[in-house]
Structure formats: structure tokens, C-alpha cells
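Student: Just dropping this structure here.
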There are 2 protein chains.
Amino acid sequence: MALRYAILVSLSEGAKSGYDVAKQFDESIGFFWRARHSQIYREMGKLKDSGLAIAEEVQQSGKPNRIVFTITDAGREALLQWSREPSEPPEMKDHFLVQLYGIESVDLDGVRQNLLRRIERHQDRHAEYVIKHELLEDSNSLADLGKQLALEVGMRWEWEWVDWCTKALERLAPEAIEGMTNVVPFKQREKKHAE
Amino acid sequence: MALRYAILVSLSEGAKSGYDVAKQFDESIGFFWRARHSQIYREMGKLKDSGLAIAEEVQQSGKPNRIVFTITDAGREALLQWSREPSEPPEMKDHFLVQLYGIESVDLDGVRQNLLRRIERHQDRHAEYVIKHELLEDSNSLADLGKQLALEVGMRWEWEWVDWCTKALERLAPEAIEGMTNVVPFKQREKKHAE
DNA sequence: CATATATATTCCACTAATGGAATATAGGGG
DNA sequence: CCCCTATATTCCATTAGTGGAATATATATG
């Protein structure tokens, strides 16, 4: 049900085609709610069916016709209603943390490699958020304040990851592990069993 | 495919029934990868079918028989392979951030209420992680180091949220909004249109 | 004694999401 | 001239995940 509202938010800024919405998802809303184009088109069809948006076909040549969706009053009302409902924080879902949790049964060097990769990824994402944030910095409209705040969550999150990964890497460094108790690599455990 | 590995991690600590795995998901692994019991049972069936675990029925009276799953060598190998694959950070998916992003088209008081609720929720979760973390603090085995690190991600995340929500609330306080440009509540906009 | 909770699994309808093929053409870069 | 990218939508098979009913009994709480 949430994608529906993410799309309505996008349409509330102005009428758009499925293609336009998909593009906006790729470059901004998608930071907080990712969706593929196939899902967006389908959901927009449902939006039309339930009267939250109306669709108008715009003739084009060379390309398929644009189908432009405009939010209706019912759509705006649905958006308001939705924002009044209590929202629970989403659950963390990260396979890397599962790997860490089960670090004993997993390849330590694989984990280290993934930490390095994550540092890069989170630095990149952090940089993206910073750029988007800078574009809004001078504005003091409510709309832009909301976008700023949302981007700040992203910046904090990515930054925390970079910091945590760096520290985790130290604590999982080979020198740190060496003196540790109960460290029995999987391969050796297997051998023991076989003896 | 990730649930499969989360279950294998659980089984790598010892043979378990679907019920046991579901319980562990509720109280620990589920912090990083949530799953409902129906999904866990289904996935464990597939684990058996693909030879990553073997199933043995244990007779019981009064309750349905336990079906205990034991990880196989193929299962352990699959886990190692998985941990060597590069893992991308998960995408943020938070409807509240979508609301913020579209704050103009949304109920401001709804957003404020949700900020208050989120502060509570994130404080609660933070406290949970702290408790779990304290239980591991004295240990210096690799297994517990991994769990500590994973919990520290959780602690940081929840703490950042509490901090950010508090600051966001100030910036969205009625006094702060009053002097702002471009603030046209939806209801008034509608009226303007009608005139 | 009634009620709730814990134990333990199966099954199913449903919704959400992925991923990619298919279709059609304009315009820019090499 | 060829290839790539952008434009724009439809469709579909498949996987992932939700949510709850059904079944059966022991034990603890009030």
C-alpha cells in the first residue's frame, strides 16, 4: 500500500506520466522508496481505477503516447489520511548483518572484503545525499525543509555506516583475531571431526 | 534467497526445528532479517529438498511431532560461498521519509505525531539492543564479536533516529513554520481554487 | 474452572516486488 | 552508417513475503 502513496506524493507536485514518475523515483523519491518501472505502471493503473488519479493520453509521434496522470481531490484526501495514520519504523533487513551475526560459520575474509566494499558504497551514497542537500540549503520553504530533513536522515545513516565499518574492520583485523579465544576456522573443525 | 542463508546461520549453531528457528528470529536474528513462521517453514522445506539440511522427525505426545533440521556439509559450504559474494547495502524503505519528502501535500500535525511516536519506538529498540549487547560484553570469542558488532549497528541506527527526530521536531514546530515562506496549507489552497 | 499461553506444523489465498522481453522511433556520438 | 541512449508503455513468469485458519494438548494464571 505504501508505493501507492509514494506515487501520489509525486503526482501531488504536478501531473506526470509513468515514465516521469519512474524517473523521479530513480533520482530522488527512490532514496526512500525504491520501485521498478513495471511496478510503478501497474500501481498507477490501480490509482486510476480507484479514482485517486485521472489519466489522459497525449498524442506523440515516434514514441508510444504519453499517459499523463493527474491527482484528484480523492487522491489528495487519501494522502492526507495516510499521513495521519501512525507509521511504524521499518525493520532492518541486511544480509551483511546476518553474516556478521553468524561470523563463526562464514568466511572471515569474505566479511572483510564486504566491509571494504560497503565503506565505498556508503561513501558514494553519502556524497549523493550531500549534493542533493546542498541544492536545497538556501531555501526556507516548507516543501524544501521536508526534503532537507529526509536527506539528512540519509546522510547520517550513510555516515554512521562508513564510521562503523572502519571500526569493525579494525576489530576484525587478522592481528586482532589472532589472540582471540574460541577461534576455530571451519576447515580445521571439519578435520577434527574426521580424525 | 537471503532468508535461506539466515536460516542456515541459525542451523549452523545447532540442529533446530522450524519452531526453534522462528523463535530465534523473533528474539535475535530477526533484528537484522525478519520473517514470519509460515515463510520459515516453507523455506526449511526447500533447504531439505536441496540437500542443505536433513530433517528428522522426533516423536512427541500432546503436541505435533518436532521436525528437527540439521545442516549438512553442503549447507555449510553454501553459507561460506554466500559470505564470499559481494553484498550491496540494502535500500532504505521508509514511508515516513516519503511523507517528509512530500510534506507540502501531507498533514503537518500527522507528521509531528509520527515524529513523537518514532522517538518512542527508536528508544525502545535502542534499549533492546543495549540489553542484548551487554550480555555479550565480557566475551571475546569471534562468534560474540560478530554479534556485538551487528548489535552496535542497531544501536547506532536507533540512536541516530532518536536524535534526528528530536531535532526535526524543533524545525517543524509551529513557531518555526509560522515565519516561513511558501507555507500554504492544503485546505486554503483548495479554497483559492474554488473562488 | 476458565482462559491464556506455549508448543509445533501445515496449508492457502493473497499482495508485493523483481526482472526482463517486446515494441517503436528520434537523435547524438564515433 | 551503426550503435547507444532516451522516450514510453505493456505484459508476464517468477519469487518473496503476509496473514491467518486449522489442529491438538499441556501448563500456568487468575
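Each chain in the C-alpha cells gets a letter, A, B and so on, in the order shown; residues start at 1 in every chain, and ligands are counted from 1 in the order they appear.
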Over all Cα atoms in order, fit chain B to chain A and jot down the RMSD to one decimal place.
Tutor: 0.0 Å
Student: Mind checking which residues fall within 9 Å of DA16 in chain D, counting only C-alpha atoms (C1' of nucleotides), ignoring those fewer than 6 positions away in the same chain, and posting them as a ChimeraX atom specification?
Tutor: /B:1 /C:16-17
Student: What does the file look like for those residues with C-alpha atoms (C1' of nucleotides), as a PDB file, in the first residue's frame?
Tutor:
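The result, written out as result_37.pdb:
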```
ATOM      1  CA  MET B   1      17.488 -16.096  -1.435  1.00  0.00           C
TER       2      MET B   1
ATOM      3  C1'  DA C  16       4.225  -7.014  -3.262  1.00  0.00           C
ATOM      4  C1'  DA C  17       8.191  -6.912  -5.927  1.00  0.00           C
TER       5       DA C  17
END
```
Student: Based on only C-alpha atoms (C1' of nucleotides), which of the residues in chain A come within 8 Å of chain D? I want them as a list in words.
Tutor: Tyr19, Lys63, Pro64, Asn65 and Arg66 of chain A
Student: With 12 Å as the cut-off and only C-alpha atoms (C1' of nucleotides) counted, what is the closest atom pair between each nearby residue of chain C and chain B? Distances in Å to one decimal, ordered by chain and number, as a tab-separated table.
Tutor:
```
residue	atom	partner	partner_atom	distance
C:DA6	C1'	B:Lys63	CA	10.6
C:DT7	C1'	B:Lys63	CA	6.3
C:DA8	C1'	B:Pro64	CA	5.2
C:DT9	C1'	B:Pro64	CA	6.6
C:DT10	C1'	B:Tyr41	CA	9.0
C:DC11	C1'	B:Ser38	CA	9.3
C:DC12	C1'	B:Ser38	CA	10.7
```
Student: So that I have them on file, write out the residues from the current selection with C-alpha atoms (C1' of nucleotides), as a compact mmCIF listing (two decimals), in the first residue's frame.
Tutor:
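Below is the file that was written, result-v5.txt:
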```txt
# COMPACT_ATOMS: atom_id res chain seq x y z
C1' DA C 6 3.38 -22.14 24.76
C1' DT C 7 4.33 -25.98 21.81
C1' DA C 8 4.51 -27.40 16.61
C1' DT C 9 3.34 -27.83 11.97
C1' DT C 10 0.66 -27.46 7.51
C1' DC C 11 -1.69 -25.05 4.13
C1' DC C 12 -3.56 -21.48 1.38
```
Student: When you draw a straight line from CA of Leu151 in chain B to CA of Leu11 in chain B, how long is it in Å?
Tutor: 20.1 Å
Student: Please indicate the distance in Å from CA of Ser12 in chain B to CA of Lys167 in chain A, rounded to one decimal place.
Tutor: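 Going from CA of Ser12 in chain B over to CA of Lys167 in chain A, I get 26.7 Å.
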